[in-house]
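Everything below belongs to model-v6.tsv, which stores TSV, C-alpha atoms and all ligand atoms.
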```tsv
chain	number	residue	atom	x	y	z
K	3	MET	CA	45.74	28.84	-56.15
K	4	SER	CA	42.26	27.63	-55.33
K	5	ALA	CA	41.67	23.86	-55.12
K	6	ARG	CA	39.61	21.77	-57.48
K	7	ILE	CA	36.26	21.17	-55.79
K	8	ILE	CA	35.33	17.48	-55.90
K	9	ASP	CA	31.63	17.37	-56.81
K	10	GLY	CA	30.17	14.51	-54.75
K	11	LYS	CA	26.67	15.12	-56.08
K	12	ALA	CA	27.73	14.64	-59.69
K	13	ILE	CA	29.91	11.62	-58.90
K	14	ALA	CA	27.12	10.01	-56.86
K	15	GLU	CA	24.80	10.53	-59.83
K	16	LYS	CA	27.34	8.75	-62.03
K	17	VAL	CA	27.49	5.81	-59.56
K	18	ARG	CA	23.68	5.58	-59.50
K	19	GLY	CA	23.68	5.50	-63.31
K	20	GLU	CA	26.18	2.63	-63.28
K	21	VAL	CA	24.08	0.76	-60.72
K	22	LYS	CA	20.91	1.29	-62.76
K	23	GLU	CA	22.59	-0.26	-65.81
K	24	GLY	CA	23.94	-3.09	-63.67
K	25	VAL	CA	20.50	-3.78	-62.20
K	26	SER	CA	18.94	-4.02	-65.63
K	27	ALA	CA	21.68	-6.41	-66.82
K	28	PHE	CA	21.20	-8.47	-63.63
K	29	GLN	CA	17.47	-8.65	-64.29
K	30	SER	CA	18.00	-9.84	-67.88
K	31	THR	CA	20.32	-12.61	-66.69
K	32	HIS	CA	18.57	-13.72	-63.51
K	33	GLY	CA	14.92	-12.80	-64.06
K	34	ARG	CA	14.68	-10.76	-60.88
K	35	VAL	CA	15.97	-7.46	-59.52
K	36	PRO	CA	18.26	-7.14	-56.47
K	37	GLY	CA	16.46	-6.58	-53.17
K	38	LEU	CA	17.46	-4.23	-50.36
K	39	ASP	CA	15.66	-4.48	-47.02
K	40	VAL	CA	16.12	-1.70	-44.48
K	41	ILE	CA	15.01	-2.13	-40.87
K	42	LEU	CA	14.21	0.87	-38.70
K	43	VAL	CA	13.42	0.39	-35.02
K	44	GLY	CA	11.81	3.38	-33.32
K	45	GLU	CA	11.16	6.97	-34.31
K	46	HIS	CA	14.64	8.61	-34.20
K	47	ALA	CA	13.83	11.56	-36.50
K	48	PRO	CA	17.03	11.67	-38.64
K	49	SER	CA	16.88	7.86	-39.03
K	50	VAL	CA	13.31	8.08	-40.34
K	51	VAL	CA	14.55	10.46	-43.06
K	52	TYR	CA	17.69	8.41	-43.84
K	53	THR	CA	15.78	5.14	-44.18
K	54	ARG	CA	13.09	6.67	-46.40
K	55	ASN	CA	15.86	8.12	-48.59
K	56	LYS	CA	17.52	4.71	-48.85
K	57	GLU	CA	14.27	3.01	-49.88
K	58	LYS	CA	13.52	5.74	-52.43
K	59	ALA	CA	17.06	5.69	-53.86
K	60	ALA	CA	16.84	1.91	-54.29
K	61	LEU	CA	13.56	2.14	-56.18
K	62	GLU	CA	14.98	4.86	-58.45
K	63	VAL	CA	17.72	2.55	-59.77
K	64	GLY	CA	15.36	-0.42	-60.13
K	65	ILE	CA	16.33	-2.22	-56.90
K	66	ARG	CA	13.41	-3.62	-54.91
K	67	GLY	CA	13.69	-1.41	-51.81
K	68	ARG	CA	11.64	-2.26	-48.73
K	69	LEU	CA	11.55	-0.41	-45.43
K	70	HIS	CA	10.48	-2.40	-42.35
K	71	ARG	CA	9.43	-0.10	-39.52
K	72	MET	CA	9.35	-1.66	-36.07
K	73	PRO	CA	8.13	0.08	-32.89
K	74	GLU	CA	10.56	1.50	-30.30
K	75	ALA	CA	9.47	-1.24	-27.86
K	76	THR	CA	10.58	-4.03	-30.23
K	77	THR	CA	12.52	-6.64	-28.25
K	78	GLN	CA	15.91	-7.93	-29.32
K	79	ALA	CA	14.32	-11.34	-29.95
K	80	GLU	CA	11.72	-9.79	-32.26
K	81	LEU	CA	14.39	-7.90	-34.19
K	82	LEU	CA	16.50	-11.07	-34.49
K	83	ALA	CA	13.42	-12.90	-35.80
K	84	MET	CA	12.99	-10.23	-38.48
K	85	VAL	CA	16.68	-10.53	-39.45
K	86	ALA	CA	16.33	-14.32	-39.61
K	87	ALA	CA	13.28	-14.07	-41.87
K	88	LEU	CA	15.08	-11.69	-44.26
K	89	SER	CA	18.20	-13.86	-44.16
K	90	ALA	CA	16.15	-16.85	-45.33
K	91	ASP	CA	14.33	-14.87	-48.03
K	92	GLU	CA	15.96	-15.56	-51.42
K	93	SER	CA	14.70	-12.24	-52.86
K	94	VAL	CA	16.70	-10.28	-50.27
K	95	ASP	CA	20.29	-9.44	-51.23
K	96	GLY	CA	21.01	-6.68	-48.73
K	97	ILE	CA	19.92	-6.24	-45.11
K	98	LEU	CA	20.59	-2.91	-43.45
K	99	ILE	CA	19.73	-2.18	-39.83
K	100	GLN	CA	19.59	1.56	-39.28
K	101	LEU	CA	21.71	2.70	-36.33
K	102	PRO	CA	21.44	3.81	-33.59
K	103	LEU	CA	19.23	1.10	-32.12
K	104	PRO	CA	17.19	1.66	-28.93
K	105	LYS	CA	19.32	1.17	-25.79
K	106	HIS	CA	17.68	-2.13	-24.78
K	107	ILE	CA	18.96	-3.83	-27.96
K	108	ASP	CA	22.59	-4.98	-28.21
K	109	GLU	CA	23.89	-3.62	-31.51
K	110	ARG	CA	26.75	-6.13	-31.82
K	111	THR	CA	24.49	-9.15	-31.37
K	112	VAL	CA	22.06	-7.94	-33.98
K	113	LEU	CA	24.70	-6.95	-36.54
K	114	LEU	CA	26.33	-10.37	-36.13
K	115	ALA	CA	23.03	-12.00	-37.09
K	116	ILE	CA	23.15	-10.53	-40.60
K	117	PRO	CA	24.67	-13.08	-43.00
K	118	PRO	CA	27.98	-11.60	-44.24
K	119	GLU	CA	26.89	-12.04	-47.87
K	120	LYS	CA	23.85	-9.75	-47.24
K	121	ASP	CA	25.75	-7.27	-45.04
K	122	VAL	CA	25.59	-4.27	-47.39
K	123	ASP	CA	26.81	-1.90	-44.64
K	124	GLY	CA	30.02	-3.96	-44.38
K	125	PHE	CA	29.97	-3.96	-40.57
K	126	HIS	CA	30.07	-7.75	-39.99
K	127	PRO	CA	33.44	-8.93	-38.59
K	128	ILE	CA	33.74	-11.37	-41.52
K	129	ASN	CA	33.62	-8.48	-43.98
K	130	VAL	CA	35.96	-6.40	-41.81
K	131	GLY	CA	38.41	-9.33	-41.79
K	132	ARG	CA	38.06	-9.92	-45.51
K	133	LEU	CA	38.80	-6.26	-46.24
K	134	SER	CA	41.85	-6.25	-43.98
K	135	THR	CA	43.22	-9.43	-45.55
K	136	GLY	CA	42.74	-8.17	-49.11
K	137	GLN	CA	39.83	-10.45	-50.06
K	138	ASP	CA	36.58	-9.50	-51.80
K	139	ALA	CA	34.37	-7.93	-49.17
K	140	LEU	CA	31.32	-5.77	-48.68
K	141	VAL	CA	32.94	-2.51	-47.54
K	142	PRO	CA	31.30	0.27	-45.48
K	143	CYS	CA	29.65	2.77	-47.80
K	144	THR	CA	31.10	6.08	-46.58
K	145	PRO	CA	34.80	5.15	-46.83
K	146	LEU	CA	34.25	3.32	-50.12
K	147	GLY	CA	32.50	6.44	-51.44
K	148	SER	CA	35.41	8.58	-50.24
K	149	LEU	CA	37.85	6.35	-52.13
K	150	ARG	CA	35.76	6.74	-55.28
K	151	LEU	CA	35.92	10.52	-54.88
K	152	LEU	CA	39.73	10.35	-54.72
K	153	ASP	CA	39.78	8.17	-57.84
K	154	GLU	CA	37.41	10.46	-59.72
K	155	ALA	CA	39.61	13.43	-58.77
K	156	GLY	CA	42.59	11.61	-60.28
K	157	VAL	CA	44.53	11.43	-57.00
K	158	ASN	CA	47.46	9.03	-57.22
K	159	LEU	CA	47.43	6.93	-54.05
K	160	LYS	CA	50.36	4.66	-54.81
K	161	GLY	CA	53.18	5.68	-52.49
K	162	ALA	CA	51.23	8.73	-51.26
K	163	ASN	CA	51.37	9.69	-47.59
K	164	ALA	CA	47.79	9.63	-46.32
K	165	ILE	CA	46.32	10.47	-42.94
K	166	VAL	CA	42.91	9.37	-41.71
K	167	ILE	CA	41.77	11.47	-38.78
K	168	GLY	CA	39.31	9.33	-36.78
K	169	ARG	CA	39.43	5.63	-35.97
K	170	SER	CA	35.78	4.58	-35.89
K	171	ASN	CA	34.78	1.13	-37.13
K	172	ILE	CA	32.36	2.72	-39.58
K	173	VAL	CA	34.62	5.27	-41.25
K	174	GLY	CA	38.21	5.70	-40.00
K	175	LYS	CA	39.45	2.11	-39.81
K	176	PRO	CA	37.94	0.84	-43.09
K	177	MET	CA	39.13	4.04	-44.82
K	178	ALA	CA	42.67	3.31	-43.66
K	179	GLN	CA	42.40	-0.28	-44.96
K	180	LEU	CA	41.16	0.93	-48.34
K	181	LEU	CA	44.04	3.40	-48.69
K	182	LEU	CA	46.50	0.69	-47.66
K	183	SER	CA	45.03	-1.65	-50.27
K	184	ARG	CA	45.84	1.03	-52.83
K	185	ASP	CA	49.49	1.24	-51.75
K	186	ALA	CA	49.30	4.50	-49.79
K	187	THR	CA	51.42	4.85	-46.64
K	188	VAL	CA	48.73	5.36	-44.02
K	189	THR	CA	48.69	7.12	-40.67
K	190	ILE	CA	45.60	6.78	-38.47
K	191	ALA	CA	45.15	9.73	-36.11
K	192	HIS	CA	42.66	10.05	-33.24
K	193	SER	CA	41.82	12.05	-30.16
K	194	ARG	CA	45.09	11.06	-28.43
K	195	THR	CA	47.40	11.80	-31.39
K	196	SER	CA	50.11	14.34	-30.51
K	197	ASN	CA	51.05	17.16	-32.86
K	198	LEU	CA	48.18	16.37	-35.22
K	199	ALA	CA	48.46	19.70	-37.06
K	200	GLY	CA	52.19	19.23	-37.75
K	201	LEU	CA	51.71	15.61	-38.81
K	202	CYS	CA	48.83	16.48	-41.08
K	203	ALA	CA	50.86	19.21	-42.80
K	204	THR	CA	53.23	16.55	-44.22
K	205	MET	CA	50.46	14.52	-45.89
K	206	ASP	CA	49.50	14.20	-49.56
K	207	VAL	CA	46.01	12.96	-48.70
K	208	VAL	CA	43.91	14.01	-45.70
K	209	ILE	CA	40.67	12.25	-44.72
K	210	ALA	CA	38.85	13.99	-41.86
K	211	ALA	CA	36.28	11.79	-40.08
K	212	VAL	CA	36.05	13.28	-36.62
K	213	GLY	CA	32.78	15.09	-36.02
K	214	ARG	CA	34.33	18.42	-34.94
K	215	ALA	CA	33.25	21.50	-36.86
K	216	GLU	CA	36.02	23.02	-38.98
K	217	MET	CA	38.82	21.50	-36.89
K	218	VAL	CA	41.26	21.10	-39.80
K	219	LYS	CA	42.77	24.50	-40.62
K	220	ALA	CA	44.67	25.80	-43.66
K	221	ASP	CA	48.07	25.46	-41.95
K	222	TRP	CA	47.36	21.72	-41.44
K	223	ILE	CA	47.28	21.23	-45.21
K	224	LYS	CA	50.32	20.66	-47.41
K	225	PRO	CA	50.02	22.76	-50.58
K	226	GLY	CA	48.41	20.66	-53.31
K	227	ALA	CA	47.14	17.92	-50.96
K	228	ALA	CA	43.82	16.13	-51.58
K	229	VAL	CA	41.32	16.66	-48.76
K	230	ILE	CA	38.23	14.52	-48.17
K	231	ASP	CA	35.88	15.86	-45.49
K	232	VAL	CA	33.61	13.16	-44.06
K	233	GLY	CA	32.39	15.23	-41.10
K	234	ILE	CA	28.85	16.50	-40.83
K	235	ASN	CA	28.34	19.09	-38.09
K	236	ARG	CA	25.46	21.47	-37.55
K	237	ILE	CA	26.53	24.86	-36.23
K	238	GLU	CA	24.31	27.61	-34.83
K	239	LEU	CA	24.58	30.99	-36.51
K	240	ALA	CA	24.22	34.41	-34.86
K	241	ASP	CA	20.76	34.95	-36.41
K	242	GLY	CA	19.43	31.81	-34.71
K	243	LYS	CA	19.58	29.75	-37.93
K	244	SER	CA	21.99	26.84	-38.40
K	245	ARG	CA	24.05	25.36	-41.19
K	246	LEU	CA	26.03	22.21	-41.96
K	247	VAL	CA	29.82	22.30	-41.97
K	248	GLY	CA	32.45	19.59	-42.19
K	249	ASP	CA	35.50	18.81	-40.07
K	250	VAL	CA	37.58	20.96	-42.44
K	251	ALA	CA	37.59	24.78	-42.51
K	252	PHE	CA	36.63	24.72	-46.17
K	253	ALA	CA	37.00	28.40	-47.12
K	254	GLU	CA	40.61	28.63	-45.95
K	255	CYS	CA	41.72	25.06	-46.81
K	256	LYS	CA	40.55	25.31	-50.41
K	257	GLU	CA	43.15	28.04	-50.93
K	258	VAL	CA	45.95	25.56	-50.06
K	259	ALA	CA	44.68	22.12	-51.11
K	260	GLY	CA	44.93	20.70	-54.63
K	261	ALA	CA	41.49	19.08	-54.47
K	262	ILE	CA	38.85	19.21	-51.73
K	263	THR	CA	35.29	18.05	-51.03
K	264	PRO	CA	32.66	20.53	-49.84
K	265	VAL	CA	30.08	19.93	-47.08
K	266	PRO	CA	27.33	19.49	-48.05
K	267	GLY	CA	27.75	18.03	-51.54
K	268	GLY	CA	30.93	16.01	-51.05
K	269	VAL	CA	31.04	12.66	-49.25
K	270	GLY	CA	27.39	12.84	-48.10
K	271	PRO	CA	25.69	12.01	-51.44
K	272	MET	CA	28.14	9.14	-52.03
K	273	THR	CA	27.02	7.06	-49.06
K	274	ILE	CA	23.60	6.05	-50.43
K	275	ALA	CA	24.95	5.65	-53.98
K	276	ILE	CA	27.54	3.17	-52.69
K	277	LEU	CA	24.87	1.36	-50.65
K	278	LEU	CA	23.07	0.70	-53.93
K	279	GLN	CA	26.36	-0.42	-55.52
K	280	ASN	CA	26.96	-2.78	-52.59
K	281	THR	CA	23.44	-4.22	-52.96
K	282	LEU	CA	24.06	-4.97	-56.64
K	283	MET	CA	27.43	-6.47	-55.77
K	284	ALA	CA	25.84	-8.67	-53.08
K	285	ALA	CA	23.16	-9.82	-55.52
K	286	LYS	CA	25.75	-10.74	-58.15
K	287	ALA	CA	27.91	-12.60	-55.63
K	288	ARG	CA	24.90	-14.56	-54.30
K	289	ALA	CA	23.84	-15.40	-57.87
K	290	ARG	CA	27.36	-16.71	-58.62
K	291	VAL	CA	27.29	-18.95	-55.53
K	292	SER	CA	23.87	-20.41	-56.30
K	293	ALA	CA	24.67	-20.93	-60.02
C	1	LIG	P1	32.95	8.64	-34.21
C	1	LIG	O1	32.49	9.61	-33.19
C	1	LIG	O2	32.60	7.21	-34.10
C	1	LIG	O3	34.53	8.74	-34.34
C	1	LIG	C1	35.21	9.96	-34.29
C	1	LIG	C2	36.69	9.70	-34.27
C	1	LIG	O4	37.34	10.97	-34.22
C	1	LIG	C3	37.17	8.90	-33.08
C	1	LIG	O5	37.97	7.82	-33.55
C	1	LIG	C4	38.03	9.87	-32.27
C	1	LIG	O6	39.21	9.27	-31.75
C	1	LIG	C5	38.40	10.92	-33.29
C	1	LIG	N1	38.55	12.22	-32.66
C	1	LIG	C6	37.71	12.85	-31.81
C	1	LIG	N2	38.21	14.05	-31.44
C	1	LIG	C7	39.40	14.18	-32.07
C	1	LIG	C8	40.38	15.18	-32.10
C	1	LIG	N3	40.24	16.29	-31.41
C	1	LIG	N4	41.46	14.99	-32.87
C	1	LIG	C9	41.61	13.86	-33.59
C	1	LIG	N5	40.70	12.87	-33.63
C	1	LIG	C10	39.61	13.02	-32.87
C	1	LIG	O7	32.44	9.27	-35.61
C	1	LIG	P2	32.23	8.59	-37.06
C	1	LIG	O8	31.01	7.75	-37.06
C	1	LIG	O9	33.50	8.03	-37.57
C	1	LIG	O10	31.88	9.92	-37.89
C	1	LIG	C11	32.81	10.96	-38.03
C	1	LIG	C12	32.14	12.13	-38.73
C	1	LIG	O11	31.73	11.73	-40.01
C	1	LIG	C13	30.88	12.66	-38.03
C	1	LIG	O12	30.79	14.05	-38.23
C	1	LIG	C14	29.76	11.98	-38.78
C	1	LIG	O13	28.56	12.71	-38.75
C	1	LIG	C15	30.33	11.94	-40.17
C	1	LIG	N6	29.80	10.85	-41.00
C	1	LIG	C16	29.39	11.20	-42.25
C	1	LIG	C17	28.88	10.24	-43.10
C	1	LIG	C18	28.45	10.63	-44.48
C	1	LIG	O14	27.67	9.96	-45.08
C	1	LIG	N7	28.99	11.73	-45.02
C	1	LIG	C19	28.79	8.90	-42.67
C	1	LIG	C20	29.26	8.56	-41.42
C	1	LIG	C21	29.78	9.56	-40.59
```
Represent the structure contained in this file as structure tokens.
Amino acid sequence: MSARIIDGKAIAEKVRGEVKEGVSAFQSTHGRVPGLDVILVGEHAPSVVYTRNKEKAALEVGIRGRLHRMPEATTQAELLAMVAALSADESVDGILIQLPLPKHIDERTVLLAIPPEKDVDGFHPINVGRLSTGQDALVPCTPLGSLRLLDEAGVNLKGANAIVIGRSNIVGKPMAQLLLSRDATVTIAHSRTSNLAGLCATMDVVIAAVGRAEMVKADWIKPGAAVIDVGINRIELADGKSRLVGDVAFAECKEVAGAITPVPGGVGPMTIAILLQNTLMAAKARARVSA
């Protein structure tokens, strides 16, 4: 039987609608709208597109979105000064520094300079620690969006066996923490995991966050399992064109899985929607503290 396709575009639209309502309620109570400030250093072409999309998405839900473009030659001290200015600005609820940064800037140092309460990407060690100790935290957008997709698909996580393939700080590790917080039994797999295919085939939930085109095959999937494909890979076609595929061989896996996300149109649209949700959450938390 063919799997239910989890429609990330529609669910992201629903999240944006919720945020829009939340922003208007926030404005009625506090007399201002939440503010999201995105910093882009340099001209990395995909980052230019991503940051413009983030600013535009913010404006569409009523958040004050602002993109700060800094030249490639920006020094670390200049970037830190920008972060300090935004940190001190009361109208700013979320600060996002688009990665990757130019090589002469130390990413860790700069990310540490963002106050945890404005860290809408959820990368600050304080937020990482809060998530892993079960406290309220700003959580990285892509794994939080993936969790929402599982919830919207009605997947029962309590007691489920879940595998997260990939152990990055941005996706794999926070995803594992989120699943754990929902009472799943979680396995984290990575490039050194042995018998990954066999292990995967015993799992009720599979999250693929690797960056390898169509690595997860149909015989890796337990019949009826829920499959979330975080991967985004561009593959060249015979006619010289290219197309996007995930880490999961979608056409064959959808014949075995119970529910599955497509690429594109699965996890991808969720990331920006959750960024907006995180910005609203940060604004509300800051308003509570200053009340
Ligand atoms: P990463 O390169 O930081 O991490 C990849 C992980 O995969 C590593 O932990 C590595 O151990 C593991 N890995 C590599 N080869 C493996 C193998 N053969 N078997 C098992 N594990 C293996 O990547 P990332 O930032 O976590 O991103 C993963 C994928 O998700 C990429 O395709 C990326 O483009 C995509 N991504 C999508 C979104 C989105 O919005 N949809 C956001 C972030 C990342």
Notebook entry, point to check: How many Å separate CA of Ala178 (chain K) from CA of Trp222 (chain K)?
Noted result: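 CA of Ala178 (chain K) sits 19.1 Å away from CA of Trp222 (chain K).
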Notebook entry, point to check: By how many Å are CA of Gln100 (chain K) and CA of Arg54 (chain K) apart?
Noted result: 10.9 Å
Checklist line | Closest of K:Val173, K:Ala261, K:Leu81, K:Ala227 to ligand LIG 1 (chain C) - atom-to-atom distances counting only C-alpha atoms and all ligand atoms | finding: K:Val173
Note to self: Would you pick out the contacts of Phe125 (chain K) at 12 Å or less, using all atoms listed in the file, so that residues sharing its chain but fewer than 4 positions from it are not included, and give the list as a PyMOL selection string?
What the structure shows: chain K and resi 97-101+109-121+129-133+139-144+170-173+175-176
Just to be explicit: take each residue in the selection above, keep C-alpha atoms, and write the result as a PDB file, in the frame of the given file.
```
ATOM      1  CA  ILE K  97      19.920  -6.240 -45.110  1.00  0.00           C
ATOM      2  CA  LEU K  98      20.590  -2.910 -43.450  1.00  0.00           C
ATOM      3  CA  ILE K  99      19.730  -2.180 -39.830  1.00  0.00           C
ATOM      4  CA  GLN K 100      19.590   1.560 -39.280  1.00  0.00           C
ATOM      5  CA  LEU K 101      21.710   2.700 -36.330  1.00  0.00           C
ATOM      6  CA  GLU K 109      23.890  -3.620 -31.510  1.00  0.00           C
ATOM      7  CA  ARG K 110      26.750  -6.130 -31.820  1.00  0.00           C
ATOM      8  CA  THR K 111      24.490  -9.150 -31.370  1.00  0.00           C
ATOM      9  CA  VAL K 112      22.060  -7.940 -33.980  1.00  0.00           C
ATOM     10  CA  LEU K 113      24.700  -6.950 -36.540  1.00  0.00           C
ATOM     11  CA  LEU K 114      26.330 -10.370 -36.130  1.00  0.00           C
ATOM     12  CA  ALA K 115      23.030 -12.000 -37.090  1.00  0.00           C
ATOM     13  CA  ILE K 116      23.150 -10.530 -40.600  1.00  0.00           C
ATOM     14  CA  PRO K 117      24.670 -13.080 -43.000  1.00  0.00           C
ATOM     15  CA  PRO K 118      27.980 -11.600 -44.240  1.00  0.00           C
ATOM     16  CA  GLU K 119      26.890 -12.040 -47.870  1.00  0.00           C
ATOM     17  CA  LYS K 120      23.850  -9.750 -47.240  1.00  0.00           C
ATOM     18  CA  ASP K 121      25.750  -7.270 -45.040  1.00  0.00           C
ATOM     19  CA  ASN K 129      33.620  -8.480 -43.980  1.00  0.00           C
ATOM     20  CA  VAL K 130      35.960  -6.400 -41.810  1.00  0.00           C
ATOM     21  CA  GLY K 131      38.410  -9.330 -41.790  1.00  0.00           C
ATOM     22  CA  ARG K 132      38.060  -9.920 -45.510  1.00  0.00           C
ATOM     23  CA  LEU K 133      38.800  -6.260 -46.240  1.00  0.00           C
ATOM     24  CA  ALA K 139      34.370  -7.930 -49.170  1.00  0.00           C
ATOM     25  CA  LEU K 140      31.320  -5.770 -48.680  1.00  0.00           C
ATOM     26  CA  VAL K 141      32.940  -2.510 -47.540  1.00  0.00           C
ATOM     27  CA  PRO K 142      31.300   0.270 -45.480  1.00  0.00           C
ATOM     28  CA  CYS K 143      29.650   2.770 -47.800  1.00  0.00           C
ATOM     29  CA  THR K 144      31.100   6.080 -46.580  1.00  0.00           C
ATOM     30  CA  SER K 170      35.780   4.580 -35.890  1.00  0.00           C
ATOM     31  CA  ASN K 171      34.780   1.130 -37.130  1.00  0.00           C
ATOM     32  CA  ILE K 172      32.360   2.720 -39.580  1.00  0.00           C
ATOM     33  CA  VAL K 173      34.620   5.270 -41.250  1.00  0.00           C
ATOM     34  CA  LYS K 175      39.450   2.110 -39.810  1.00  0.00           C
ATOM     35  CA  PRO K 176      37.940   0.840 -43.090  1.00  0.00           C
TER      36      PRO K 176
END
```
Checklist line | Coordinates-based distance that separates CA of Leu278 (chain K) from CA of Ala164 (chain K) (Å, one decimal) | finding: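 Going from CA of Ala164 (chain K) over to CA of Leu278 (chain K) covers 27.4 Å.
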Check: Contacts of region 6-22 of chain K at 6 Å or less, counting only C-alpha atoms, minus same-chain residues fewer than 2 places along, as a PyMOL selection string?
Finding: chain K and resi 24-25+63+261-263+267-269+271-272+275+279
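Proximity to ligand LIG 1 (chain C) was assessed for K:Glu23, K:Glu74, K:Asp153, K:Asp249 counting all atoms listed in the file; the smallest distance is recorded for K:Asp249.
Close contacts of Gly226 (chain K), defined as residues with an atom at most 8 Å away when counting all atoms listed in the file, with chain neighbours fewer than 4 positions off set aside, comprise K:Ala5, K:Asp206, K:Val258, K:Ala259, K:Gly260, K:Ala261.
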Next item on the list: Show me as an MDAnalysis selection string the residues that reach within 10 Å of (40.0, 24.3, -41.0), counting all atoms listed in the file and using the file's own coordinates.
Entry: chainID K and resid 215:223 248:256
Note to self: Show me the residues close to (13.2, 8.3, -33.3) - anything with an atom within 12 Å, counting all atoms listed in the file - and format the list as a list in words.
What the structure shows: Leu42, Val43, Gly44, Glu45, His46, Ala47, Pro48, Ser49, Val50, Val51, Tyr52, Thr53, Arg71, Met72, Pro73, Glu74, Ala75, Gln100, Leu101, Pro102, Leu103 and Pro104 of chain K
Region 203-208 of chain K from the block above, all heavy atoms, as a tab-separated table (two decimals), in the first residue's frame, please?
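Final output, out-v4.tsv:
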```
chain	number	residue	atom	x	y	z
K	203	ALA	N	15.71	-0.90	9.46
K	203	ALA	CA	14.55	-1.71	9.10
K	203	ALA	C	13.74	-2.18	10.31
K	203	ALA	O	12.66	-2.75	10.16
K	203	ALA	CB	14.99	-2.92	8.27
K	204	THR	N	14.26	-1.90	11.55
K	204	THR	CA	13.50	-2.28	12.75
K	204	THR	C	12.75	-1.07	13.33
K	204	THR	O	12.11	-1.19	14.37
K	204	THR	CB	14.45	-2.82	13.85
K	204	THR	OG1	15.31	-1.74	14.28
K	204	THR	CG2	15.31	-3.97	13.33
K	205	MET	N	12.86	0.08	12.70
K	205	MET	CA	12.40	1.34	13.31
K	205	MET	C	10.99	1.77	12.89
K	205	MET	O	10.61	1.64	11.73
K	205	MET	CB	13.38	2.46	12.94
K	205	MET	CG	14.78	2.22	13.47
K	205	MET	SD	14.82	2.36	15.27
K	205	MET	CE	16.42	1.62	15.62
K	206	ASP	N	10.26	2.34	13.86
K	206	ASP	CA	8.92	2.85	13.58
K	206	ASP	C	8.97	4.25	12.96
K	206	ASP	O	8.06	4.66	12.25
K	206	ASP	CB	8.11	2.96	14.89
K	206	ASP	CG	8.09	1.64	15.65
K	206	ASP	OD1	7.73	0.63	15.03
K	206	ASP	OD2	8.47	1.63	16.84
K	207	VAL	N	10.05	4.97	13.29
K	207	VAL	CA	10.21	6.35	12.78
K	207	VAL	C	11.63	6.49	12.26
K	207	VAL	O	12.58	6.11	12.94
K	207	VAL	CB	9.97	7.39	13.91
K	207	VAL	CG1	10.21	8.80	13.41
K	207	VAL	CG2	8.56	7.25	14.49
K	208	VAL	N	11.76	7.01	11.05
K	208	VAL	CA	13.09	7.22	10.45
K	208	VAL	C	13.23	8.69	10.07
K	208	VAL	O	12.38	9.24	9.35
K	208	VAL	CB	13.27	6.36	9.17
K	208	VAL	CG1	14.62	6.64	8.51
K	208	VAL	CG2	13.11	4.88	9.48
```
